[in-house]
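So this block is query-v3.txt, compact mmCIF, C-alpha atoms:
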```
# COMPACT_ATOMS: atom_id res chain seq x y z
CA MET A 1 -14.79 -4.63 -23.45
CA GLU A 2 -11.25 -5.32 -22.22
CA ASN A 3 -9.82 -3.70 -25.37
CA ILE A 4 -11.83 -0.56 -24.68
CA MET A 5 -10.66 -0.44 -21.06
CA ASN A 6 -7.01 -0.91 -22.10
CA PHE A 7 -7.37 1.82 -24.71
CA MET A 8 -8.88 4.21 -22.16
CA ALA A 9 -6.11 3.44 -19.66
CA GLN A 10 -3.44 4.11 -22.28
CA ARG A 11 -5.06 7.39 -23.31
CA THR A 12 -5.47 8.47 -19.69
CA GLU A 13 -1.84 7.59 -18.99
CA PHE A 14 -0.72 9.58 -22.04
CA ILE A 15 -2.80 12.62 -21.04
CA LEU A 16 -1.52 12.56 -17.46
CA SER A 17 2.06 12.11 -18.67
CA SER A 18 1.63 15.03 -21.08
CA ALA A 19 0.38 17.11 -18.17
CA GLY A 20 3.77 16.60 -16.55
CA TYR A 21 3.02 13.95 -13.94
CA GLN A 22 5.75 11.40 -13.21
CA GLN A 23 5.34 8.03 -14.90
CA GLU A 24 5.76 5.99 -11.70
CA ILE A 25 3.04 7.96 -9.96
CA ILE A 26 0.69 7.52 -12.91
CA LYS A 27 1.35 3.77 -13.02
CA SER A 28 0.65 3.51 -9.29
CA VAL A 29 -2.89 4.83 -9.68
CA ILE A 30 -3.95 4.12 -13.28
CA HIS A 31 -5.51 0.78 -12.29
CA LEU A 32 -7.89 2.75 -10.06
CA SER A 33 -9.24 4.74 -13.01
CA PHE A 34 -11.73 1.99 -13.81
CA SER A 35 -13.45 2.20 -10.44
CA ASN A 36 -12.91 5.85 -9.49
CA PRO A 37 -13.75 9.16 -11.12
CA LEU A 38 -10.88 10.58 -13.14
CA GLN A 39 -10.83 13.63 -10.88
CA SER A 40 -9.95 11.40 -7.93
CA ILE A 41 -7.08 9.92 -9.95
CA THR A 42 -5.56 13.34 -10.55
CA SER A 43 -6.08 14.22 -6.87
CA ARG A 44 -4.20 11.04 -5.91
CA ILE A 45 -1.39 11.88 -8.32
CA GLU A 46 -1.04 15.38 -6.92
CA ALA A 47 -1.03 14.08 -3.34
CA LEU A 48 1.62 11.47 -4.23
CA ALA A 49 3.76 14.07 -5.99
CA THR A 50 3.65 16.20 -2.84
CA ALA A 51 4.31 13.22 -0.57
CA GLN A 52 7.40 12.29 -2.57
CA LYS A 53 9.00 15.43 -1.16
CA GLU A 54 8.53 14.21 2.42
CA THR A 55 11.72 12.84 3.96
CA ILE A 56 9.91 9.71 5.21
CA PHE A 57 8.46 8.83 1.80
CA PRO A 58 11.44 6.79 0.48
CA ASP A 59 11.50 4.79 3.74
CA PHE A 60 7.75 4.29 3.48
CA LEU A 61 8.08 3.03 -0.09
CA LEU A 62 10.82 0.61 0.86
CA ALA A 63 8.80 -0.70 3.80
CA VAL A 64 5.58 -1.28 1.87
CA LYS A 65 7.44 -2.79 -1.08
CA ARG A 66 9.02 -5.29 1.32
CA VAL A 67 5.54 -6.07 2.58
CA LYS A 68 4.17 -6.52 -0.95
CA ASN A 69 7.06 -8.81 -1.91
CA ILE A 70 6.52 -11.22 0.97
CA VAL A 71 2.72 -11.42 1.03
CA PRO A 72 1.57 -14.51 -0.88
CA LYS A 73 -1.06 -14.25 -3.60
CA THR A 74 -3.07 -17.04 -1.96
CA PRO A 75 -5.84 -16.17 0.51
CA LEU A 76 -4.88 -15.86 4.16
CA PRO A 77 -7.04 -16.10 7.28
CA PRO A 78 -7.78 -13.04 9.43
CA VAL A 79 -5.10 -11.94 11.89
CA GLU A 80 -5.32 -13.56 15.32
CA ALA A 81 -3.88 -11.18 17.91
CA SER A 82 -3.68 -14.06 20.39
CA LEU A 83 -0.92 -15.62 18.26
CA PHE A 84 1.43 -12.64 18.54
CA GLN A 85 4.76 -13.63 20.06
CA GLN A 86 6.64 -10.32 20.01
CA ASP A 87 5.96 -6.68 20.78
CA GLU A 88 6.78 -5.72 17.17
CA GLU A 89 3.79 -7.75 15.98
CA LYS A 90 1.52 -5.99 18.46
CA ASP A 91 2.96 -2.59 17.53
CA LEU A 92 2.46 -3.20 13.81
CA TYR A 93 -1.07 -4.46 14.41
CA ALA A 94 -1.89 -1.28 16.38
CA ALA A 95 -0.29 0.96 13.72
CA VAL A 96 -2.29 -0.70 10.94
CA ALA A 97 -5.52 -0.38 12.93
CA ALA A 98 -4.83 3.31 13.58
CA ALA A 99 -3.98 3.92 9.92
CA ARG A 100 -7.08 2.08 8.73
CA ASN A 101 -9.34 4.03 11.11
CA ALA A 102 -7.88 7.35 9.99
CA LEU A 103 -7.82 6.35 6.34
CA MET A 104 -11.38 5.33 5.60
CA PRO A 105 -13.06 8.73 6.16
CA VAL A 106 -10.42 10.65 4.22
CA ILE A 107 -10.48 8.21 1.29
CA GLU A 108 -14.25 8.56 1.12
CA GLY A 109 -13.81 12.34 1.21
CA ARG A 110 -11.11 12.07 -1.49
CA ASP A 111 -8.53 13.83 0.66
CA PHE A 112 -5.53 11.88 -0.55
CA SER A 113 -2.98 14.11 1.17
CA ALA A 114 -4.62 13.23 4.48
CA ALA A 115 -4.77 9.58 3.37
CA LEU A 116 -1.03 9.53 2.84
CA LYS A 117 -0.46 11.21 6.18
CA ALA A 118 -2.58 8.47 7.75
CA VAL A 119 -0.46 5.63 6.34
CA LEU A 120 3.06 7.08 6.54
CA PRO A 121 3.31 6.29 10.30
CA VAL A 122 3.27 2.53 9.57
CA THR A 123 6.82 2.87 8.23
CA SER A 124 8.63 2.52 11.55
CA PRO A 125 6.52 -0.39 12.86
CA VAL A 126 6.95 -2.24 9.54
CA ASN A 127 10.72 -1.75 9.67
CA SER A 128 10.88 -2.86 13.32
CA PHE A 129 8.78 -5.89 12.47
CA PHE A 130 11.13 -6.91 9.65
CA ASP A 131 14.23 -6.20 11.76
CA LYS A 132 13.16 -8.22 14.80
CA VAL A 133 10.55 -10.78 13.73
CA LEU A 134 11.17 -13.94 11.76
CA VAL A 135 8.16 -14.03 9.46
CA MET A 136 8.72 -17.60 8.30
CA ASP A 137 8.45 -19.13 11.76
CA LYS A 138 8.66 -22.92 12.08
CA ARG A 139 5.19 -22.98 13.59
CA GLU A 140 2.78 -22.82 10.67
CA GLU A 141 0.04 -20.91 12.54
CA VAL A 142 2.51 -18.21 13.68
CA LYS A 143 3.96 -17.87 10.18
CA THR A 144 0.50 -17.65 8.61
CA ASN A 145 -0.59 -15.07 11.18
CA ARG A 146 2.47 -12.93 10.47
CA LEU A 147 1.80 -13.13 6.74
CA SER A 148 -1.82 -12.16 7.42
CA LEU A 149 -0.60 -9.15 9.39
CA LEU A 150 1.59 -8.09 6.48
CA ARG A 151 -1.32 -8.62 4.09
CA ASP A 152 -3.34 -6.23 6.26
CA VAL A 153 -0.56 -3.65 5.93
CA TRP A 154 -0.67 -3.89 2.15
CA GLU A 155 -4.47 -3.88 2.01
CA THR A 156 -4.48 -0.75 4.16
CA VAL A 157 -2.15 1.26 1.91
CA ALA A 158 -3.32 -0.16 -1.45
CA PRO A 159 -6.53 1.95 -1.77
CA ILE A 160 -4.30 5.00 -2.16
CA ALA A 161 -1.95 3.63 -4.83
CA ASP A 162 0.01 0.57 -5.87
CA PHE A 163 3.25 1.61 -4.22
CA SER A 164 5.10 -1.31 -5.78
CA LYS A 165 5.06 0.66 -9.07
CA PHE A 166 7.43 3.30 -7.66
CA GLN A 167 11.11 3.06 -8.44
CA SER A 168 13.30 2.87 -5.34
```
Show me, as structure tokens, the structure contained in the file I just sent.
Amino acid sequence: MENIMNFMAQRTEFILSSAGYQQEIIKSVIHLSFSNPLQSITSRIEALATAQKETIFPDFLLAVKRVKNIVPKTPLPPVEASLFQQDEEKDLYAAVAAARNALMPVIEGRDFSAALKAVLPVTSPVNSFFDKVLVMDKREEVKTNRLSLLRDVWETVAPIADFSKFQS
């Protein structure tokens, strides 16, 4: 079965590439082709191609790639807002909650342009968080909570595409 799925992914990637879509965009969504209709994959690709033209998009990519690089692969507990020490943590938490609330209905409706517009505003809070917050705090519970917050950022944007596949 895995061989069939790999073959289908390769063929789909070839077809999308032949249609003129950028390789990095294809790679960011191809993993979703197993659990989503192919039409939604092409809609994602078109939305990402349009979003790439937005001036904030490179900053967004850099921010979410930083998030992806620091989040451990091991499971983390839920975020505990009571453990926040700095305003930047609270601001990021609020931005992620707002993005998640706006994102779910548009993802279900397969409006990926609106989905991208819902997540792009997390860019500034992520950057502020990284600029002013020491993620690897000496206190284990604070460090784990900050990593959980960053995990929530990644889990919020990941249903759209794997943004780590984009070249900087």
For each of A:Ala161, A:Ile15, A:Leu116, A:Val67, take the minimum atom-to-atom distance to Ala51 of chain A, counting only C-alpha atoms, then give the residue where this is smallest.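 Ranking A:Ala161, A:Ile15, A:Leu116, A:Val67 by distance to Ala51 of chain A, first place goes to A:Leu116.
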At most 9 Å is the cut-off: for each residue in segment 32-131 of chain A with any atom that close to an atom of segment 145-158 of chain A, write down the nearest atom pair and the distance in Å rounded to one decimal, counting only C-alpha atoms, chain first then increasing number, as JSON lines.
```
{"residue": "A:Val64", "atom": "CA", "partner": "A:Trp154", "partner_atom": "CA", "distance": 6.8}
{"residue": "A:Lys65", "atom": "CA", "partner": "A:Trp154", "partner_atom": "CA", "distance": 8.8}
{"residue": "A:Val67", "atom": "CA", "partner": "A:Leu150", "partner_atom": "CA", "distance": 5.9}
{"residue": "A:Lys68", "atom": "CA", "partner": "A:Trp154", "partner_atom": "CA", "distance": 6.3}
{"residue": "A:Ile70", "atom": "CA", "partner": "A:Leu147", "partner_atom": "CA", "distance": 7.7}
{"residue": "A:Val71", "atom": "CA", "partner": "A:Arg151", "partner_atom": "CA", "distance": 5.8}
{"residue": "A:Pro72", "atom": "CA", "partner": "A:Leu147", "partner_atom": "CA", "distance": 7.7}
{"residue": "A:Pro75", "atom": "CA", "partner": "A:Ser148", "partner_atom": "CA", "distance": 8.9}
{"residue": "A:Leu76", "atom": "CA", "partner": "A:Ser148", "partner_atom": "CA", "distance": 5.8}
{"residue": "A:Pro77", "atom": "CA", "partner": "A:Ser148", "partner_atom": "CA", "distance": 6.5}
{"residue": "A:Pro78", "atom": "CA", "partner": "A:Ser148", "partner_atom": "CA", "distance": 6.4}
{"residue": "A:Val79", "atom": "CA", "partner": "A:Asn145", "partner_atom": "CA", "distance": 5.5}
{"residue": "A:Glu80", "atom": "CA", "partner": "A:Asn145", "partner_atom": "CA", "distance": 6.5}
{"residue": "A:Ala81", "atom": "CA", "partner": "A:Asn145", "partner_atom": "CA", "distance": 8.4}
{"residue": "A:Leu83", "atom": "CA", "partner": "A:Asn145", "partner_atom": "CA", "distance": 7.1}
{"residue": "A:Phe84", "atom": "CA", "partner": "A:Asn145", "partner_atom": "CA", "distance": 8.0}
{"residue": "A:Glu89", "atom": "CA", "partner": "A:Arg146", "partner_atom": "CA", "distance": 7.7}
{"residue": "A:Leu92", "atom": "CA", "partner": "A:Leu149", "partner_atom": "CA", "distance": 8.0}
{"residue": "A:Tyr93", "atom": "CA", "partner": "A:Leu149", "partner_atom": "CA", "distance": 6.9}
{"residue": "A:Val96", "atom": "CA", "partner": "A:Val153", "partner_atom": "CA", "distance": 6.1}
{"residue": "A:Ala97", "atom": "CA", "partner": "A:Thr156", "partner_atom": "CA", "distance": 8.8}
{"residue": "A:Ala99", "atom": "CA", "partner": "A:Thr156", "partner_atom": "CA", "distance": 7.4}
{"residue": "A:Arg100", "atom": "CA", "partner": "A:Thr156", "partner_atom": "CA", "distance": 6.0}
{"residue": "A:Leu103", "atom": "CA", "partner": "A:Thr156", "partner_atom": "CA", "distance": 8.1}
{"residue": "A:Ala115", "atom": "CA", "partner": "A:Val157", "partner_atom": "CA", "distance": 8.8}
{"residue": "A:Leu116", "atom": "CA", "partner": "A:Val157", "partner_atom": "CA", "distance": 8.4}
{"residue": "A:Val119", "atom": "CA", "partner": "A:Val157", "partner_atom": "CA", "distance": 6.4}
{"residue": "A:Val122", "atom": "CA", "partner": "A:Val153", "partner_atom": "CA", "distance": 8.1}
{"residue": "A:Val126", "atom": "CA", "partner": "A:Val153", "partner_atom": "CA", "distance": 8.5}
```
Find the residues near Ser28 of chain A: any atom within 7 Å, counting all atoms listed in the file, skip ones fewer than 6 places away on the same chain, and give them as a PyMOL selection string. chain A and resi 161-163+165-166
Correct to one decimal, the distance atom CA of Ser17 of chain A-atom CA of Ser43 of chain A is 14.5 Å
Show me as a PyMOL selection string the residues that reach within 10 Å of (8.3, 9.6, -4.2), counting all atoms listed in the file and using the file's own coordinates. chain A and resi 22+24-25+48-61+163+166-168
Can those selected residues be exported to a file as a PDB file, keeping the file's coordinate frame so that it contains C-alpha atoms?
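Wrote selection_37.pdb, looks like this:
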```pdb
ATOM      1  CA  GLN A  22       5.750  11.400 -13.210  1.00  0.00           C
ATOM      2  CA  GLU A  24       5.760   5.990 -11.700  1.00  0.00           C
ATOM      3  CA  ILE A  25       3.040   7.960  -9.960  1.00  0.00           C
ATOM      4  CA  LEU A  48       1.620  11.470  -4.230  1.00  0.00           C
ATOM      5  CA  ALA A  49       3.760  14.070  -5.990  1.00  0.00           C
ATOM      6  CA  THR A  50       3.650  16.200  -2.840  1.00  0.00           C
ATOM      7  CA  ALA A  51       4.310  13.220  -0.570  1.00  0.00           C
ATOM      8  CA  GLN A  52       7.400  12.290  -2.570  1.00  0.00           C
ATOM      9  CA  LYS A  53       9.000  15.430  -1.160  1.00  0.00           C
ATOM     10  CA  GLU A  54       8.530  14.210   2.420  1.00  0.00           C
ATOM     11  CA  THR A  55      11.720  12.840   3.960  1.00  0.00           C
ATOM     12  CA  ILE A  56       9.910   9.710   5.210  1.00  0.00           C
ATOM     13  CA  PHE A  57       8.460   8.830   1.800  1.00  0.00           C
ATOM     14  CA  PRO A  58      11.440   6.790   0.480  1.00  0.00           C
ATOM     15  CA  ASP A  59      11.500   4.790   3.740  1.00  0.00           C
ATOM     16  CA  PHE A  60       7.750   4.290   3.480  1.00  0.00           C
ATOM     17  CA  LEU A  61       8.080   3.030  -0.090  1.00  0.00           C
ATOM     18  CA  PHE A 163       3.250   1.610  -4.220  1.00  0.00           C
ATOM     19  CA  PHE A 166       7.430   3.300  -7.660  1.00  0.00           C
ATOM     20  CA  GLN A 167      11.110   3.060  -8.440  1.00  0.00           C
ATOM     21  CA  SER A 168      13.300   2.870  -5.340  1.00  0.00           C
TER      22      SER A 168
END
```
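Atom CA of Val29 of chain A to atom CA of Gln10 of chain A spans 12.6 Å [interatomic distance, one decimal].
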Between atom CA of Ser82 of chain A and atom CA of Val135 of chain A, distance in Å (one decimal): 16.1 Å
May I ask you to restore N, CA and C atoms in segment 61-96 of chain A and write the result as an mmCIF file, in the coordinates of the input?
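Writing done, so here's selection.cif:
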```
data_model
loop_
_atom_site.group_PDB
_atom_site.id
_atom_site.type_symbol
_atom_site.label_atom_id
_atom_site.label_comp_id
_atom_site.auth_asym_id
_atom_site.auth_seq_id
_atom_site.Cartn_x
_atom_site.Cartn_y
_atom_site.Cartn_z
ATOM 1 N N LEU A 61 8.118 3.848 1.123
ATOM 2 C CA LEU A 61 8.080 3.030 -0.090
ATOM 3 C C LEU A 61 8.833 1.724 0.095
ATOM 4 N N LEU A 62 10.017 1.811 0.643
ATOM 5 C CA LEU A 62 10.820 0.610 0.860
ATOM 6 C C LEU A 62 10.094 -0.364 1.784
ATOM 7 N N ALA A 63 9.504 0.152 2.841
ATOM 8 C CA ALA A 63 8.800 -0.700 3.800
ATOM 9 C C ALA A 63 7.604 -1.393 3.159
ATOM 10 N N VAL A 64 6.769 -0.649 2.436
ATOM 11 C CA VAL A 64 5.580 -1.280 1.870
ATOM 12 C C VAL A 64 5.916 -2.168 0.674
ATOM 13 N N LYS A 65 6.995 -1.881 -0.009
ATOM 14 C CA LYS A 65 7.440 -2.790 -1.080
ATOM 15 C C LYS A 65 7.914 -4.117 -0.488
ATOM 16 N N ARG A 66 8.614 -4.052 0.634
ATOM 17 C CA ARG A 66 9.020 -5.290 1.320
ATOM 18 C C ARG A 66 7.787 -6.094 1.716
ATOM 19 N N VAL A 67 6.786 -5.409 2.206
ATOM 20 C CA VAL A 67 5.540 -6.070 2.580
ATOM 21 C C VAL A 67 4.918 -6.739 1.354
ATOM 22 N N LYS A 68 4.786 -5.998 0.285
ATOM 23 C CA LYS A 68 4.170 -6.520 -0.950
ATOM 24 C C LYS A 68 4.924 -7.748 -1.458
ATOM 25 N N ASN A 69 6.249 -7.712 -1.382
ATOM 26 C CA ASN A 69 7.060 -8.810 -1.910
ATOM 27 C C ASN A 69 6.924 -10.098 -1.114
ATOM 28 N N ILE A 70 6.583 -10.016 0.152
ATOM 29 C CA ILE A 70 6.520 -11.220 0.970
ATOM 30 C C ILE A 70 5.103 -11.794 1.096
ATOM 31 N N VAL A 71 4.098 -10.964 0.878
ATOM 32 C CA VAL A 71 2.720 -11.420 1.030
ATOM 33 C C VAL A 71 2.370 -12.363 -0.140
ATOM 34 N N PRO A 72 1.926 -13.573 0.187
ATOM 35 C CA PRO A 72 1.570 -14.510 -0.880
ATOM 36 C C PRO A 72 0.291 -14.092 -1.606
ATOM 37 N N LYS A 73 0.141 -14.562 -2.818
ATOM 38 C CA LYS A 73 -1.060 -14.250 -3.600
ATOM 39 C C LYS A 73 -2.258 -15.086 -3.148
ATOM 40 N N THR A 74 -1.995 -16.164 -2.430
ATOM 41 C CA THR A 74 -3.070 -17.040 -1.960
ATOM 42 C C THR A 74 -3.807 -16.396 -0.786
ATOM 43 N N PRO A 75 -5.074 -16.742 -0.605
ATOM 44 C CA PRO A 75 -5.840 -16.170 0.510
ATOM 45 C C PRO A 75 -5.238 -16.561 1.870
ATOM 46 N N LEU A 76 -5.364 -15.641 2.799
ATOM 47 C CA LEU A 76 -4.880 -15.860 4.160
ATOM 48 C C LEU A 76 -6.027 -15.634 5.137
ATOM 49 N N PRO A 77 -5.986 -16.307 6.281
ATOM 50 C CA PRO A 77 -7.040 -16.100 7.280
ATOM 51 C C PRO A 77 -6.881 -14.726 7.952
ATOM 52 N N PRO A 78 -7.902 -14.296 8.676
ATOM 53 C CA PRO A 78 -7.780 -13.040 9.430
ATOM 54 C C PRO A 78 -6.668 -13.142 10.485
ATOM 55 N N VAL A 79 -6.140 -12.002 10.864
ATOM 56 C CA VAL A 79 -5.100 -11.940 11.890
ATOM 57 C C VAL A 79 -5.697 -12.345 13.231
ATOM 58 N N GLU A 80 -4.943 -13.147 13.968
ATOM 59 C CA GLU A 80 -5.320 -13.560 15.320
ATOM 60 C C GLU A 80 -4.337 -12.922 16.303
ATOM 61 N N ALA A 81 -4.762 -11.874 16.974
ATOM 62 C CA ALA A 81 -3.880 -11.180 17.910
ATOM 63 C C ALA A 81 -3.360 -12.099 19.008
ATOM 64 N N SER A 82 -4.104 -13.128 19.337
ATOM 65 C CA SER A 82 -3.680 -14.060 20.390
ATOM 66 C C SER A 82 -2.431 -14.856 20.000
ATOM 67 N N LEU A 83 -2.104 -14.884 18.723
ATOM 68 C CA LEU A 83 -0.920 -15.620 18.260
ATOM 69 C C LEU A 83 0.355 -14.773 18.235
ATOM 70 N N PHE A 84 0.234 -13.495 18.554
ATOM 71 C CA PHE A 84 1.430 -12.640 18.540
ATOM 72 C C PHE A 84 2.421 -13.119 19.592
ATOM 73 N N GLN A 85 3.682 -13.168 19.191
ATOM 74 C CA GLN A 85 4.760 -13.630 20.060
ATOM 75 C C GLN A 85 5.663 -12.489 20.516
ATOM 76 N N GLN A 86 5.701 -11.406 19.739
ATOM 77 C CA GLN A 86 6.640 -10.320 20.010
ATOM 78 C C GLN A 86 5.923 -8.977 20.011
ATOM 79 N N ASP A 87 6.532 -8.025 20.709
ATOM 80 C CA ASP A 87 5.960 -6.680 20.780
ATOM 81 C C ASP A 87 5.852 -6.030 19.405
ATOM 82 N N GLU A 88 6.793 -6.325 18.508
ATOM 83 C CA GLU A 88 6.780 -5.720 17.170
ATOM 84 C C GLU A 88 5.531 -6.122 16.388
ATOM 85 N N GLU A 89 5.031 -7.329 16.618
ATOM 86 C CA GLU A 89 3.790 -7.750 15.980
ATOM 87 C C GLU A 89 2.618 -6.927 16.507
ATOM 88 N N LYS A 90 2.589 -6.763 17.824
ATOM 89 C CA LYS A 90 1.520 -5.990 18.460
ATOM 90 C C LYS A 90 1.573 -4.530 18.009
ATOM 91 N N ASP A 91 2.794 -3.986 17.948
ATOM 92 C CA ASP A 91 2.960 -2.590 17.530
ATOM 93 C C ASP A 91 2.502 -2.379 16.091
ATOM 94 N N LEU A 92 2.868 -3.311 15.209
ATOM 95 C CA LEU A 92 2.460 -3.200 13.810
ATOM 96 C C LEU A 92 0.944 -3.334 13.684
ATOM 97 N N TYR A 93 0.379 -4.262 14.415
ATOM 98 C CA TYR A 93 -1.070 -4.460 14.410
ATOM 99 C C TYR A 93 -1.786 -3.166 14.834
ATOM 100 N N ALA A 94 -1.290 -2.533 15.890
ATOM 101 C CA ALA A 94 -1.890 -1.280 16.380
ATOM 102 C C ALA A 94 -1.717 -0.157 15.359
ATOM 103 N N ALA A 95 -0.551 -0.090 14.726
ATOM 104 C CA ALA A 95 -0.290 0.960 13.720
ATOM 105 C C ALA A 95 -1.203 0.788 12.509
ATOM 106 N N VAL A 96 -1.408 -0.442 12.088
ATOM 107 C CA VAL A 96 -2.290 -0.700 10.940
ATOM 108 C C VAL A 96 -3.733 -0.348 11.305
#
```
